[in-house]
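So this one's target-v6.cif, mmCIF, N, CA and C atoms:
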data_data
loop_
_atom_site.group_PDB
_atom_site.id
_atom_site.type_symbol
_atom_site.label_atom_id
_atom_site.label_comp_id
_atom_site.auth_asym_id
_atom_site.auth_seq_id
_atom_site.Cartn_x
_atom_site.Cartn_y
_atom_site.Cartn_z
ATOM 1 N N MET A 1229 55.407 27.088 -8.833
ATOM 2 C CA MET A 1229 55.180 26.212 -7.711
ATOM 3 C C MET A 1229 53.782 26.433 -7.164
ATOM 4 N N LYS A 1230 53.223 25.406 -6.592
ATOM 5 C CA LYS A 1230 51.857 25.469 -6.076
ATOM 6 C C LYS A 1230 51.697 26.549 -5.011
ATOM 7 N N HIS A 1231 52.692 26.693 -4.138
ATOM 8 C CA HIS A 1231 52.585 27.684 -3.068
ATOM 9 C C HIS A 1231 52.424 29.083 -3.640
ATOM 10 N N TYR A 1232 53.199 29.377 -4.656
ATOM 11 C CA TYR A 1232 53.175 30.697 -5.266
ATOM 12 C C TYR A 1232 51.813 30.972 -5.882
ATOM 13 N N GLU A 1233 51.303 30.043 -6.644
ATOM 14 C CA GLU A 1233 50.013 30.253 -7.309
ATOM 15 C C GLU A 1233 48.887 30.366 -6.294
ATOM 16 N N GLY A 1234 48.938 29.565 -5.251
ATOM 17 C CA GLY A 1234 47.915 29.641 -4.218
ATOM 18 C C GLY A 1234 47.905 30.994 -3.537
ATOM 19 N N LEU A 1235 49.060 31.505 -3.249
ATOM 20 C CA LEU A 1235 49.152 32.829 -2.644
ATOM 21 C C LEU A 1235 48.612 33.898 -3.579
ATOM 22 N N ARG A 1236 49.004 33.805 -4.837
ATOM 23 C CA ARG A 1236 48.590 34.821 -5.807
ATOM 24 C C ARG A 1236 47.077 34.810 -5.987
ATOM 25 N N GLN A 1237 46.472 33.645 -6.015
ATOM 26 C CA GLN A 1237 45.031 33.569 -6.227
ATOM 27 C C GLN A 1237 44.261 34.079 -5.013
ATOM 28 N N ASN A 1238 44.741 33.767 -3.836
ATOM 29 C CA ASN A 1238 44.002 34.100 -2.626
ATOM 30 C C ASN A 1238 44.254 35.509 -2.108
ATOM 31 N N ARG A 1239 45.446 36.006 -2.306
ATOM 32 C CA ARG A 1239 45.812 37.289 -1.728
ATOM 33 C C ARG A 1239 46.695 38.084 -2.693
ATOM 34 N N ALA A 1240 46.255 38.216 -3.913
ATOM 35 C CA ALA A 1240 47.080 38.806 -4.973
ATOM 36 C C ALA A 1240 47.631 40.176 -4.605
ATOM 37 N N GLU A 1241 46.793 41.054 -4.113
ATOM 38 C CA GLU A 1241 47.257 42.416 -3.810
ATOM 39 C C GLU A 1241 48.292 42.406 -2.686
ATOM 40 N N LEU A 1242 48.035 41.652 -1.653
ATOM 41 C CA LEU A 1242 48.968 41.567 -0.525
ATOM 42 C C LEU A 1242 50.307 40.983 -0.973
ATOM 43 N N VAL A 1243 50.252 39.933 -1.770
ATOM 44 C CA VAL A 1243 51.487 39.299 -2.239
ATOM 45 C C VAL A 1243 52.280 40.262 -3.112
ATOM 46 N N GLU A 1244 51.619 40.984 -3.985
ATOM 47 C CA GLU A 1244 52.319 41.937 -4.853
ATOM 48 C C GLU A 1244 53.050 42.991 -4.029
ATOM 49 N N LYS A 1245 52.386 43.545 -3.035
ATOM 50 C CA LYS A 1245 53.011 44.557 -2.187
ATOM 51 C C LYS A 1245 54.165 43.959 -1.396
ATOM 52 N N PHE A 1246 53.951 42.762 -0.895
ATOM 53 C CA PHE A 1246 54.953 42.119 -0.047
ATOM 54 C C PHE A 1246 56.197 41.723 -0.829
ATOM 55 N N THR A 1247 56.022 41.279 -2.073
ATOM 56 C CA THR A 1247 57.150 40.765 -2.841
ATOM 57 C C THR A 1247 57.933 41.845 -3.580
ATOM 58 N N LYS A 1248 57.409 43.056 -3.631
ATOM 59 C CA LYS A 1248 58.168 44.138 -4.263
ATOM 60 C C LYS A 1248 59.281 44.546 -3.311
ATOM 61 N N MET A 1249 60.488 44.479 -3.800
ATOM 62 C CA MET A 1249 61.628 44.805 -2.958
ATOM 63 C C MET A 1249 62.190 46.164 -3.343
ATOM 64 N N ASP A 1250 62.874 46.781 -2.420
ATOM 65 C CA ASP A 1250 63.495 48.079 -2.656
ATOM 66 C C ASP A 1250 64.588 47.928 -3.709
ATOM 67 N N LYS A 1251 64.375 48.502 -4.857
ATOM 68 C CA LYS A 1251 65.326 48.358 -5.959
ATOM 69 C C LYS A 1251 66.444 49.390 -5.914
ATOM 70 N N LYS A 1252 66.413 50.285 -4.950
ATOM 71 C CA LYS A 1252 67.470 51.282 -4.826
ATOM 72 C C LYS A 1252 68.706 50.696 -4.168
ATOM 73 N N SER A 1253 68.514 49.743 -3.282
ATOM 74 C CA SER A 1253 69.633 49.225 -2.505
ATOM 75 C C SER A 1253 70.548 48.320 -3.327
ATOM 76 N N ILE A 1254 70.004 47.358 -4.016
ATOM 77 C CA ILE A 1254 70.794 46.452 -4.865
ATOM 78 C C ILE A 1254 70.130 46.458 -6.235
ATOM 79 N N LYS A 1255 70.789 47.067 -7.178
ATOM 80 C CA LYS A 1255 70.180 47.260 -8.491
ATOM 81 C C LYS A 1255 70.166 46.002 -9.355
ATOM 82 N N ASP A 1256 71.081 45.092 -9.109
ATOM 83 C CA ASP A 1256 71.138 43.868 -9.893
ATOM 84 C C ASP A 1256 70.052 42.907 -9.394
ATOM 85 N N GLU A 1257 69.013 42.742 -10.203
ATOM 86 C CA GLU A 1257 67.856 41.957 -9.768
ATOM 87 C C GLU A 1257 68.176 40.506 -9.415
ATOM 88 N N PRO A 1258 68.943 39.768 -10.247
ATOM 89 C CA PRO A 1258 69.237 38.387 -9.853
ATOM 90 C C PRO A 1258 69.961 38.293 -8.504
ATOM 91 N N THR A 1259 70.891 39.207 -8.253
ATOM 92 C CA THR A 1259 71.609 39.204 -6.975
ATOM 93 C C THR A 1259 70.656 39.494 -5.830
ATOM 94 N N ARG A 1260 69.780 40.468 -6.017
ATOM 95 C CA ARG A 1260 68.799 40.812 -4.991
ATOM 96 C C ARG A 1260 67.912 39.602 -4.673
ATOM 97 N N GLU A 1261 67.514 38.882 -5.696
ATOM 98 C CA GLU A 1261 66.654 37.719 -5.479
ATOM 99 C C GLU A 1261 67.420 36.559 -4.843
ATOM 100 N N LEU A 1262 68.712 36.420 -5.150
ATOM 101 C CA LEU A 1262 69.504 35.387 -4.471
ATOM 102 C C LEU A 1262 69.608 35.683 -2.975
ATOM 103 N N ILE A 1263 69.723 36.947 -2.630
ATOM 104 C CA ILE A 1263 69.758 37.318 -1.211
ATOM 105 C C ILE A 1263 68.415 36.977 -0.558
ATOM 106 N N ALA A 1264 67.335 37.304 -1.246
ATOM 107 C CA ALA A 1264 66.008 36.959 -0.721
ATOM 108 C C ALA A 1264 65.870 35.447 -0.576
ATOM 109 N N LEU A 1265 66.400 34.706 -1.548
ATOM 110 C CA LEU A 1265 66.348 33.246 -1.471
ATOM 111 C C LEU A 1265 67.158 32.709 -0.293
ATOM 112 N N ALA A 1266 68.265 33.358 0.007
ATOM 113 C CA ALA A 1266 69.064 32.930 1.159
ATOM 114 C C ALA A 1266 68.245 33.035 2.440
ATOM 115 N N PHE A 1267 67.530 34.129 2.586
ATOM 116 C CA PHE A 1267 66.679 34.272 3.761
ATOM 117 C C PHE A 1267 65.527 33.275 3.727
ATOM 118 N N ALA A 1268 64.961 33.053 2.550
ATOM 119 C CA ALA A 1268 63.857 32.095 2.434
ATOM 120 C C ALA A 1268 64.294 30.698 2.854
ATOM 121 N N VAL A 1269 65.488 30.319 2.454
ATOM 122 C CA VAL A 1269 66.022 29.005 2.842
ATOM 123 C C VAL A 1269 66.285 28.975 4.341
ATOM 124 N N ALA A 1270 66.855 30.048 4.867
ATOM 125 C CA ALA A 1270 67.198 30.094 6.292
ATOM 126 C C ALA A 1270 65.970 29.953 7.180
ATOM 127 N N VAL A 1271 64.868 30.569 6.777
ATOM 128 C CA VAL A 1271 63.654 30.501 7.593
ATOM 129 C C VAL A 1271 62.719 29.376 7.147
ATOM 130 N N LYS A 1272 63.168 28.615 6.137
ATOM 131 C CA LYS A 1272 62.419 27.456 5.634
ATOM 132 C C LYS A 1272 60.993 27.819 5.198
ATOM 133 N N CYS A 1273 60.902 28.874 4.397
ATOM 134 C CA CYS A 1273 59.609 29.354 3.902
ATOM 135 C C CYS A 1273 59.423 28.913 2.448
ATOM 136 N N GLU A 1274 58.609 27.875 2.251
ATOM 137 C CA GLU A 1274 58.414 27.340 0.894
ATOM 138 C C GLU A 1274 57.742 28.338 -0.032
ATOM 139 N N ALA A 1275 56.785 29.099 0.480
ATOM 140 C CA ALA A 1275 56.132 30.102 -0.361
ATOM 141 C C ALA A 1275 57.132 31.177 -0.776
ATOM 142 N N CYS A 1276 58.004 31.577 0.153
ATOM 143 C CA CYS A 1276 59.037 32.580 -0.161
ATOM 144 C C CYS A 1276 59.989 32.040 -1.222
ATOM 145 N N ILE A 1277 60.349 30.757 -1.100
ATOM 146 C CA ILE A 1277 61.231 30.132 -2.084
ATOM 147 C C ILE A 1277 60.580 30.173 -3.464
ATOM 148 N N ALA A 1278 59.290 29.861 -3.526
ATOM 149 C CA ALA A 1278 58.582 29.864 -4.800
ATOM 150 C C ALA A 1278 58.545 31.265 -5.414
ATOM 151 N N VAL A 1279 58.189 32.251 -4.605
ATOM 152 C CA VAL A 1279 58.067 33.624 -5.094
ATOM 153 C C VAL A 1279 59.416 34.156 -5.587
ATOM 154 N N HIS A 1280 60.462 33.957 -4.784
ATOM 155 C CA HIS A 1280 61.753 34.541 -5.137
ATOM 156 C C HIS A 1280 62.501 33.734 -6.192
ATOM 157 N N THR A 1281 62.216 32.449 -6.314
ATOM 158 C CA THR A 1281 62.794 31.673 -7.412
ATOM 159 C C THR A 1281 62.215 32.162 -8.738
ATOM 160 N N LYS A 1282 60.909 32.407 -8.753
ATOM 161 C CA LYS A 1282 60.278 32.926 -9.967
ATOM 162 C C LYS A 1282 60.845 34.306 -10.310
ATOM 163 N N ALA A 1283 60.969 35.168 -9.301
ATOM 164 C CA ALA A 1283 61.512 36.515 -9.542
ATOM 165 C C ALA A 1283 62.953 36.425 -10.029
ATOM 166 N N TYR A 1284 63.727 35.503 -9.473
ATOM 167 C CA TYR A 1284 65.122 35.297 -9.890
ATOM 168 C C TYR A 1284 65.176 34.868 -11.356
ATOM 169 N N LYS A 1285 64.364 33.890 -11.712
ATOM 170 C CA LYS A 1285 64.337 33.386 -13.095
ATOM 171 C C LYS A 1285 63.866 34.483 -14.054
ATOM 172 N N ASP A 1286 62.811 35.194 -13.669
ATOM 173 C CA ASP A 1286 62.287 36.284 -14.505
ATOM 174 C C ASP A 1286 63.313 37.398 -14.699
ATOM 175 N N ALA A 1287 64.202 37.578 -13.720
ATOM 176 C CA ALA A 1287 65.230 38.619 -13.797
ATOM 177 C C ALA A 1287 66.448 38.164 -14.596
ATOM 178 N N GLY A 1288 66.404 36.929 -15.105
ATOM 179 C CA GLY A 1288 67.512 36.434 -15.914
ATOM 180 C C GLY A 1288 68.510 35.591 -15.148
ATOM 181 N N GLY A 1289 68.176 35.229 -13.915
ATOM 182 C CA GLY A 1289 69.056 34.380 -13.125
ATOM 183 C C GLY A 1289 69.214 33.007 -13.769
ATOM 184 N N THR A 1290 70.395 32.430 -13.622
ATOM 185 C CA THR A 1290 70.690 31.160 -14.288
ATOM 186 C C THR A 1290 70.638 29.984 -13.320
ATOM 187 N N ARG A 1291 70.405 28.812 -13.887
ATOM 188 C CA ARG A 1291 70.405 27.575 -13.104
ATOM 189 C C ARG A 1291 71.818 27.299 -12.580
ATOM 190 N N GLU A 1292 72.816 27.642 -13.362
ATOM 191 C CA GLU A 1292 74.204 27.441 -12.948
ATOM 192 C C GLU A 1292 74.515 28.227 -11.667
ATOM 193 N N ASP A 1293 74.094 29.487 -11.622
ATOM 194 C CA ASP A 1293 74.317 30.285 -10.416
ATOM 195 C C ASP A 1293 73.526 29.743 -9.236
ATOM 196 N N LEU A 1294 72.359 29.173 -9.499
ATOM 197 C CA LEU A 1294 71.606 28.537 -8.412
ATOM 198 C C LEU A 1294 72.392 27.364 -7.832
ATOM 199 N N GLY A 1295 73.142 26.660 -8.674
ATOM 200 C CA GLY A 1295 73.985 25.571 -8.183
ATOM 201 C C GLY A 1295 75.018 26.087 -7.197
ATOM 202 N N SER A 1296 75.620 27.218 -7.514
ATOM 203 C CA SER A 1296 76.585 27.839 -6.594
ATOM 204 C C SER A 1296 75.891 28.281 -5.313
ATOM 205 N N PHE A 1297 74.702 28.828 -5.455
ATOM 206 C CA PHE A 1297 73.910 29.242 -4.299
ATOM 207 C C PHE A 1297 73.628 28.049 -3.385
ATOM 208 N N ILE A 1298 73.254 26.929 -3.976
ATOM 209 C CA ILE A 1298 72.956 25.728 -3.190
ATOM 210 C C ILE A 1298 74.208 25.238 -2.469
ATOM 211 N N ASP A 1299 75.350 25.311 -3.119
ATOM 212 C CA ASP A 1299 76.609 24.940 -2.454
ATOM 213 C C ASP A 1299 76.851 25.811 -1.225
ATOM 214 N N ILE A 1300 76.637 27.111 -1.369
ATOM 215 C CA ILE A 1300 76.839 28.029 -0.245
ATOM 216 C C ILE A 1300 75.834 27.729 0.865
ATOM 217 N N ALA A 1301 74.571 27.531 0.496
ATOM 218 C CA ALA A 1301 73.536 27.234 1.498
ATOM 219 C C ALA A 1301 73.874 25.954 2.259
ATOM 220 N N ARG A 1302 74.344 24.945 1.549
ATOM 221 C CA ARG A 1302 74.721 23.673 2.192
ATOM 222 C C ARG A 1302 75.872 23.893 3.169
ATOM 223 N N ASN A 1303 76.870 24.648 2.737
ATOM 224 C CA ASN A 1303 78.016 24.905 3.609
ATOM 225 C C ASN A 1303 77.620 25.710 4.842
ATOM 226 N N MET A 1304 76.705 26.640 4.671
ATOM 227 C CA MET A 1304 76.270 27.442 5.812
ATOM 228 C C MET A 1304 75.477 26.600 6.807
ATOM 229 N N GLN A 1305 74.741 25.626 6.329
ATOM 230 C CA GLN A 1305 74.026 24.729 7.241
ATOM 231 C C GLN A 1305 75.008 23.851 8.008
ATOM 232 N N ALA A 1306 76.054 23.441 7.350
ATOM 233 C CA ALA A 1306 77.025 22.552 7.995
ATOM 234 C C ALA A 1306 77.725 23.261 9.147
ATOM 235 N N GLY A 1307 78.083 24.515 8.958
ATOM 236 C CA GLY A 1307 78.773 25.272 10.004
ATOM 237 C C GLY A 1307 77.944 25.387 11.271
ATOM 238 N N PRO A 1308 76.716 25.914 11.186
ATOM 239 C CA PRO A 1308 75.891 25.995 12.385
ATOM 240 C C PRO A 1308 75.570 24.620 12.973
ATOM 241 N N GLY A 1309 75.374 23.648 12.103
ATOM 242 C CA GLY A 1309 75.111 22.296 12.607
ATOM 243 C C GLY A 1309 76.267 21.791 13.453
ATOM 244 N N LEU A 1310 77.478 21.990 12.968
ATOM 245 C CA LEU A 1310 78.665 21.569 13.716
ATOM 246 C C LEU A 1310 78.788 22.369 15.010
ATOM 247 N N THR A 1311 78.564 23.669 14.923
ATOM 248 C CA THR A 1311 78.665 24.524 16.110
ATOM 249 C C THR A 1311 77.721 24.051 17.208
ATOM 250 N N TYR A 1312 76.488 23.757 16.846
ATOM 251 C CA TYR A 1312 75.521 23.339 17.852
ATOM 252 C C TYR A 1312 75.748 21.893 18.285
ATOM 253 N N ALA A 1313 76.263 21.075 17.410
ATOM 254 C CA ALA A 1313 76.607 19.706 17.810
ATOM 255 C C ALA A 1313 77.717 19.736 18.864
ATOM 256 N N LEU A 1314 78.670 20.651 18.716
ATOM 257 C CA LEU A 1314 79.741 20.776 19.699
ATOM 258 C C LEU A 1314 79.212 21.248 21.053
ATOM 259 N N LYS A 1315 78.099 21.966 21.046
ATOM 260 C CA LYS A 1315 77.481 22.381 22.305
ATOM 261 C C LYS A 1315 77.005 21.163 23.102
ATOM 262 N N VAL A 1316 76.664 20.092 22.414
ATOM 263 C CA VAL A 1316 76.284 18.855 23.102
ATOM 264 C C VAL A 1316 77.476 18.338 23.901
ATOM 265 N N LEU A 1317 78.647 18.350 23.273
ATOM 266 C CA LEU A 1317 79.854 17.916 23.987
ATOM 267 C C LEU A 1317 80.149 18.831 25.176
ATOM 268 N N GLU A 1318 79.974 20.140 24.982
ATOM 269 C CA GLU A 1318 80.193 21.079 26.076
ATOM 270 C C GLU A 1318 79.245 20.784 27.233
ATOM 271 N N ALA A 1319 77.982 20.553 26.915
ATOM 272 C CA ALA A 1319 76.990 20.255 27.950
ATOM 273 C C ALA A 1319 77.344 18.970 28.685
ATOM 274 N N TYR A 1320 77.778 17.977 27.959
ATOM 275 C CA TYR A 1320 78.187 16.701 28.566
ATOM 276 C C TYR A 1320 79.375 16.919 29.498
ATOM 277 N N ASP A 1321 80.356 17.669 29.016
ATOM 278 C CA ASP A 1321 81.543 17.944 29.841
ATOM 279 C C ASP A 1321 81.176 18.698 31.104
ATOM 280 N N GLU A 1322 80.220 19.637 31.003
ATOM 281 C CA GLU A 1322 79.791 20.376 32.187
ATOM 282 C C GLU A 1322 79.141 19.434 33.192
ATOM 283 N N LEU A 1323 78.377 18.475 32.695
ATOM 284 C CA LEU A 1323 77.744 17.498 33.595
ATOM 285 C C LEU A 1323 78.784 16.626 34.274
ATOM 286 N N GLU A 1324 79.858 16.332 33.569
ATOM 287 C CA GLU A 1324 80.932 15.524 34.152
ATOM 288 C C GLU A 1324 81.623 16.252 35.294
ATOM 289 N N GLU A 1325 81.664 17.581 35.202
ATOM 290 C CA GLU A 1325 82.340 18.385 36.204
ATOM 291 C C GLU A 1325 81.523 18.517 37.496
ATOM 292 N N GLU A 1326 80.222 18.232 37.425
ATOM 293 C CA GLU A 1326 79.356 18.373 38.612
ATOM 294 C C GLU A 1326 79.602 17.288 39.627
#

Target encoding structure tokens, full file:
Amino acid sequence: MKHYEGLRQNRAELVEKFTKMDKKSIKDEPTRELIALAFAVAVKCEACIAVHTKAYKDAGGTREDLGSFIDIARNMQAGPGLTYALKVLEAYDELEEE
């Protein structure tokens, strides 16, 4: 991805240090990268998505498992979206009580 290459060209040493993850905690590299991708999606960081998608693929991660990951990410967005949408109803009801 363009974001990844741009980062590598401009700040190669910083990116290398930043993208190295502690391999003692989760030894399975594809799983570790899926966790990193979950955070990248949550914070909407395109450069992070590029870096960790490449690391996931390089570690042997499959496109099929990414499909499952996307399903989980979609479901997690729906839950918070619904939760906060219901807060609109709560706020409206509070205004009605005034």

For this session: Take the PyMOL selection byres ((chain A and resi 1256-1267) around 7), apply it to the structure above, and return the hits as a count of residues only.
Result: 19

Exercise. To one decimal place, how far is atom CA of Met1304 of chain A from atom CA of Asp1321 of chain A in Å?
Worked result: 26.4 Å

Exercise. Atom N of Asp1286 of chain A to atom CA of Ala1306 of chain A: how many Å, to one decimal?
Worked result: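 Distance reported for this atom pair: 28.8 Å.
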
Exercise. In Å to one decimal, how far is atom CA of Leu1317 of chain A from atom C of Ile1300 of chain A?
Worked result: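 Distance reported for this atom pair: 25.4 Å.
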
Taking every listed atom of segment 1253-1272 of chain A and adding 4 Å to each side, what centre and edge lengths in Å (one decimal) does the axis-aligned box have, as lines of an AutoDock Vina configuration file?
center_x = 66.3
center_y = 38.6
center_z = -1.3
size_x = 18.6
size_y = 30.3
size_z = 25.8
